[in-house]
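Q: A single structure is presented below for examination.
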Amino acid sequence: MTALIPIEPLRKSVEISVDSRPVSVPEGSTILDACRRADIEVPTLCYLDTLHPVNVCRVCVVEVEGSRVLVPSCSRKVEPGMVVKTDSERVRHSRKMVLEFLASSVDLSTTPEVAEWLADYAADPERYGPPAPPSAAGERDSHGPGHHHAVEPGFRATVAQPVKLDNDLYIRDYGKCILCYKCVEACGKDAQNTFALTVAGRGFDARISTEFAVLLPDSACVYCGNCIGECPTGAWMFKTEFDRRAAGTWDESAQEVTTTICPYCGVGCSLELHVQDNEIVKVTSPLDHSITSGHLCIKGRFGWKFVQNRGPVRQSEGVDRG
Amino acid sequence: MFGAGGGTTSYREVEETDVIFLWGANARENHPIFFHHVLKALHRGAKLFAVDPRRTVSAQWADDWLGLHVGTDIALAHAMARVIIHAGLANEDFIRRATSGYEEYRQEVEQFTLDVAERITGVPAEVIERAALTYARAGRAVICWTLGITEHHNGTDNVFALINLSLLTGHIGRYGSGLSPLRGQNNVQGGGDMGAIPNRLVGFQDWTTDPSVRQRFETAWNTTLKPEYGKNLSEMFEAMDHGEIHAVYAIGENPARSEADQGRAERLIRGLDHLVVQDIFLTQTAELATVVLPASASWCEAEGTVTNSERRVQRVRKALEPPFDARDDMWIIAEIAQRLGYHWGHPTAEETWNELRTLAPIFAGMSYRRLDNEGGLHWPCHDENHPGELFLHSRLWAEPRGGPPAPFHAVKHEMPVEMPDDEYPFQLTTGRRLDSYNTGVQSGGYTSPLRRGESVDMSPEDVARLGFTDGERVRISSRRGSVEAPIRIDRNLRPGLVFMTFHFQDDVRTNLLTIDATDPKSGTAEFKACAVRIDPLGAAVTASIA
């Protein structure tokens with residue numbers, strides 16, 4: 001007796017050329033999939049396997065023969081016979097400009113890999129002048145469309161501003177935000193469906209915002225932390241990590257990651273416990289786990305503290321059982 | 001169900017089904033990541049029906065909210081069945097070849113016309129009809145439930161009423177169609193799997209009816225098994241009451257706070273000659289213990305496995321050293337065995353698991369290596385090459401049918417044991433909130449921006465009628481006890497229904513109010529329904545409180 005489980009329909013193979021090498025991928029794959037299959041590195045910031053591509057960071061662009069403009073490899077589907085160049089002068093120049101603009105206006109100090117990319121593409125954010133003074137707390141949140149004011153000549157515009165600290169679980173450091181939309185997607189239809197976040201404002205004033213820019217505790221936020229899980233730059237960060245970084249005690253080289261199962265409800269979410277000095281310092285979930293797709297709820301993400309709050313067992317008063 | 005104690009359907013199938021019932025289940029708050037799979041289905045175009053007395057955050061996603069009166073689930077399910085039968089949508093071919101007891105069931109549901117059902121349940125007739133027809137006509141359909149179904153004096157009958165619907169329509173044993181009880185704790189399914197229940201050994205094997213099972217275990221363990229079932233939790237408390245049980249060894253359980261009618265539970269626990277509590281905390285129960293054995297946290301300070309609501313066995317792993325003198329549960333148990341004269345040594349979690357695999361065929365194929373590499377496996381998994389079963393009971397569709405027929409149960413509708421009356425005019429139902437958990441010993445460890453403490457949640461109509469204000473502290477009393485809590489206005493409650501959690505036991509001992517009217521089949525108490533009155537603080541409580 002065989003149980004009938006639908007299987008994925010077989011997909012035709014599509015042959016393309018990437019950097020003069022033939023690559024074969026299933027129909028419906030993206031150029032990025034093809035590059036990965038061919039071990040060709042393509043930088044990405046706004047792309048994540050579990051989210052729908054939004055094509056905003058433009059750092060993954062490649063050149064496709066016959067296409068007037070560069071295309072985002074993360075969302076452009078392969079077509080038979082496509083000729084792709086990932087390392088042409090045009091591609092390198094475009095990536096350099098994207099990285100340079102981002103690095104000139106955003107604090108990328110906690111964005112993994114970006115320092116290497118800046119060096120690889122010879123990006124020089126400093127050439128736009130010294131940074132203009134940071135905005136005051138809440139100032140950028142109040143900019144309506146059409147109210148943008150250019151910075152003083154000779155200075156470069158930045159999104160620098162004070163960190164938003166309004167709850168015990170996570171912080172928002174919008175000075176590190178590259179507007180990749182990942183948090184908006186994770187809070188929205190791609191995962192949590194809470195819709196507490198969106199992009200407000202236009203142009204250089206665009207920023208991630210809660211409804212009417214209220215504090216997180218006054219917003220629709222349910223503290224699943226999936227925005228932190230997806231954030232590529234550390235603009236969303238666990239309070240535990242933020243505090244340790246501030247105290248100089250955050251040391252990723254001393255952290256071990258162990259995968260286990262959440263101690264709360266019976267759904268069986270996979271937790272990655274990041275442990276430093278026998279203390280849990282943050283919790284993530286593997287993107288490729290079919291139960292969570294990397295997403296957790298407030299209890300799984302933050303509810304672990306009880307294991308570390310256990311005091312020594314007191315002498316029980318007990319009960320006189322004479 | 002039909003001899004296997006687990007949900008039939010995997011989460012992946014829920015994503016790909018056409019109709020989902022969340023019946024007595026507020027998954028958006030209590031099983032949030034399961035609800036992500038429901039949301040994927042909804043975005044694909046699936047229909048969601050939420051059956052719940054409260055218009056919960058889950059119900060707010062539903063195509064239809066069936067806001068039934070507490071404890072009228074059987075009447076609702078039977079009325080749906082009658083609609084399906086009269087519409088000619090009963091799957092008669094499936095019923096004939098795969099089920100038994102249909103005729104008696106058909107006669108039982110016949111009395112539940114839409115008018116009768118609307119009167120009993122409070123759900124509009126056309127909504128009942130729409131739910132029934134949508135379910136029956138769906139290509140695939142899944143019914144999920146949780147404690148809103150089981151925490152009743154007739155919880156087992158409630159479950160049967162839902163199983164009946166699946167048998168009536170053939171929504172069982174096929175990919176994307178089935179029954180999914182969502183487990184409330186990370187290893188409630190695993191506890192049953194491992195035989196930590198009074199009537200089955202590991203792998204749901206009954207040693208009292210199957211001599212080969214008994215022999216296999218007796219040989220492996222070199223012992224003689226008593227051919228009788230043990231007691232469930234409620235029966236244990238009965239036995240304490242009758243003086244048959246004098247000593248209790250509680251592992252990871254806080255019955256002094258988690259039991260219904262807490263006054264009685266605590267009195268019986270205090271009356272024991274000897275109480276051993278093995279826990280990761282000094283719980284309120286541990287405070288009463290003769291001996292406390294501090295244990296390591298099984299999910300992050302020890303190795304082992306847990307089973308989730310889709311029967312997926314997954315590995316838990318040690319990430320932390322336990323504090324102070326806390327020890328692994330297995331180590332403690334082996335040491336106690338040693339003191340009792342049994343020399344088991346100290347096997348590793350994997351060695352213990354491998355012994356279990358030789359005794360329980362449904363886990364035989366689950367080596368630690370496979371569990372590690374394959375992200376867990378669904379039981380049954382009979383050998384190393386078996387991929388595990390995503391869904392159960394495909395045997396019912398096989399030709400010829402595998403195994404015995406699946407029985408209909410002509411269960412009777414009964415109202416909750418204690419209904420509101422003039423003296424106690426409100427119905428209290430209990431549950432959880434998103435950021436907290438059970439008696440709060442775990443979730444109390446972190447600061448949640450969402451947490452507002454215990455409250456008695458009431459409809460705006462009731463609050464206005466009684467002249468209370470939002471946030472006002474009031475006294476909530478039942479025939480068993482009395483507590484104080486602030487009022488919270490909840491627009492999602494209907495007049496006459498109030499809601500509390502049991503997360504804040506140090507402040508508000510909600511289970512002083514609840515009733516221990518217990519389902520004799522499951523041993524579960526009716527936490528979901530008791531009668532209370534609500535008085536201003538300082539008012540003389542006229543009702544007598546035992």
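By order of appearance in the structure tokens: chains A, B, ..., then residues from 1 within every chain, and ligands from 1 in the order shown.
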Got a sec: who's within 9 Å of segment 43-58 of chain A, counting only C-alpha atoms, leaving out chain neighbours fewer than 5 positions off, as a list in words?

A: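 Here the qualifying residues turn out to be Val71, Pro72, Ser73, Cys74, Ser75, Ser94, Arg95, Val98, Glu113, Val114, Trp117, Ile178, Leu179, Cys180, Tyr181, Lys182, Glu185, Ala186, Asp190, Ala191, Glu230, Cys231, Pro232, Thr233, Leu287, Asp288, Ser293 and Gly294 of chain A.
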
Q: What residues in chain B lie within 6 Å of chain A, counting only C-alpha atoms, written as a PyMOL selection string?

A: chain B and resi 175+183-186+273+287-290+308-309+316-317+319-320+394+435+442-443+445-446

Q: Where in segment 321-524 of chain B does DSSP assign strand (DSSP E), given as a ChimeraX atom specification?

A: /B:377-378,406-407,426-430,456-458,473-477,482-489,497-500

Q: Write down as JSON, numbers by chain the residues belonging to segment 50-292 of chain A that are assigned helix (DSSP H, G or I) by DSSP computed on the backbone.

A: {"A": [89, 90, 91, 92, 93, 94, 95, 96, 97, 98, 99, 100, 101, 102, 103, 104, 105, 114, 115, 116, 117, 118, 119, 120, 125, 126, 127, 128, 140, 141, 142, 174, 175, 176, 182, 183, 184, 185, 186, 187, 203, 204, 205, 211, 212, 213, 216, 217, 218, 226, 227, 228, 229, 230, 239, 240, 241, 242, 243, 244, 245, 246, 247, 252, 253, 254]}

Q: Just the residues within 9 Å of Met82 of chain A, please, counting only C-alpha atoms, with nothing from its chain fewer than 4 positions along; format it as a PDB file with N, CA and C atoms, in the first residue's frame.

A:
ATOM      1  N   GLU A  15      19.438  25.896 -20.260  1.00  0.00           N
ATOM      2  CA  GLU A  15      20.888  26.082 -20.404  1.00  0.00           C
ATOM      3  C   GLU A  15      21.163  27.568 -20.601  1.00  0.00           C
ATOM      4  N   ILE A  16      22.043  28.107 -19.806  1.00  0.00           N
ATOM      5  CA  ILE A  16      22.457  29.493 -20.029  1.00  0.00           C
ATOM      6  C   ILE A  16      23.979  29.568 -19.930  1.00  0.00           C
ATOM      7  N   SER A  17      24.500  30.740 -20.233  1.00  0.00           N
ATOM      8  CA  SER A  17      25.936  30.933 -20.096  1.00  0.00           C
ATOM      9  C   SER A  17      26.165  32.018 -19.048  1.00  0.00           C
ATOM     10  N   VAL A  18      27.014  31.718 -18.063  1.00  0.00           N
ATOM     11  CA  VAL A  18      27.369  32.717 -17.069  1.00  0.00           C
ATOM     12  C   VAL A  18      28.879  32.894 -17.111  1.00  0.00           C
ATOM     13  N   VAL A  64      22.953  41.209 -18.901  1.00  0.00           N
ATOM     14  CA  VAL A  64      22.385  40.164 -19.750  1.00  0.00           C
ATOM     15  C   VAL A  64      22.453  40.650 -21.187  1.00  0.00           C
ATOM     16  N   GLU A  65      23.049  39.825 -22.041  1.00  0.00           N
ATOM     17  CA  GLU A  65      23.231  40.227 -23.432  1.00  0.00           C
ATOM     18  C   GLU A  65      21.875  40.535 -24.062  1.00  0.00           C
ATOM     19  N   VAL A  78      15.779  32.738 -15.456  1.00  0.00           N
ATOM     20  CA  VAL A  78      16.626  32.346 -16.592  1.00  0.00           C
ATOM     21  C   VAL A  78      15.757  32.064 -17.816  1.00  0.00           C
TER      22      VAL A  78
END

Q: Figure out the distance between atom CA of Asp507 of chain B and atom CA of Ser482 of chain B, please, to one decimal in Å.

A: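 Here the two named atoms are 12.5 Å from each other.
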
Q: Quick one: residues within 9 Å of Thr150 of chain B, only C-alpha atoms counted, chain neighbours fewer than 5 positions away excluded, as a list in words?

A: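 The residues satisfying every condition are Gly24, Trp145, Gly155, Thr156, Asp157, Asn158, Val159, Asp519, Ser522, Thr524, Ala525, Glu526 and Lys528 of chain B.
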
Q: For the selection you just gave me, I'd like the residues written to a file as a PDB file, in the first residue's frame, keeping C-alpha atoms.

A:
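Okay, part21.pdb is ready:
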ATOM      1  CA  GLY B  24     -11.340  25.390  19.928  1.00  0.00           C
ATOM      2  CA  TRP B 145      -8.290  21.511  17.468  1.00  0.00           C
ATOM      3  CA  GLY B 155     -13.583  16.246  25.927  1.00  0.00           C
ATOM      4  CA  THR B 156     -13.105  12.800  24.435  1.00  0.00           C
ATOM      5  CA  ASP B 157     -16.650  12.867  23.048  1.00  0.00           C
ATOM      6  CA  ASN B 158     -15.925  16.283  21.560  1.00  0.00           C
ATOM      7  CA  VAL B 159     -12.954  14.780  19.746  1.00  0.00           C
ATOM      8  CA  ASP B 519     -13.656  13.501  31.570  1.00  0.00           C
ATOM      9  CA  SER B 522      -9.082  11.353  29.275  1.00  0.00           C
ATOM     10  CA  THR B 524      -8.878  16.114  31.743  1.00  0.00           C
ATOM     11  CA  ALA B 525     -10.845  18.638  33.769  1.00  0.00           C
ATOM     12  CA  GLU B 526     -13.335  21.172  32.440  1.00  0.00           C
ATOM     13  CA  LYS B 528     -12.987  25.751  29.757  1.00  0.00           C
TER      14      LYS B 528
END

Q: List the spatial neighbours of Val42 of chain A as a list in words - criterion: any atom at most 8 Å away, only C-alpha atoms, same-chain residues fewer than 6 positions off excluded.

A: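 Once the nearby chain positions are removed, what remains is Leu32, Cys35, Arg36, Cys60 and Thr86 of chain A.
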
Q: Keeping only C-alpha atoms, write those residues as a JSON list (two decimals), in the first residue's frame.

A:
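Okay, this is what ended up in result_21.json:
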[["chain", "number", "residue", "atom", "x", "y", "z"],
["A", 32, "LEU", "CA", 21.24, 34.15, -8.91],
["A", 35, "CYS", "CA", 25.36, 31.75, -10.40],
["A", 36, "ARG", "CA", 25.30, 29.86, -7.12],
["A", 60, "CYS", "CA", 23.26, 41.80, -7.27],
["A", 86, "THR", "CA", 28.63, 39.00, -13.61]]

Q: Quick one: residues within 6 Å of segment 220-231 of chain B, only C-alpha atoms, excluding same-chain residues fewer than 2 positions away - as a PyMOL selection string?

A: chain B and resi 198-199+208+217-218+235-236
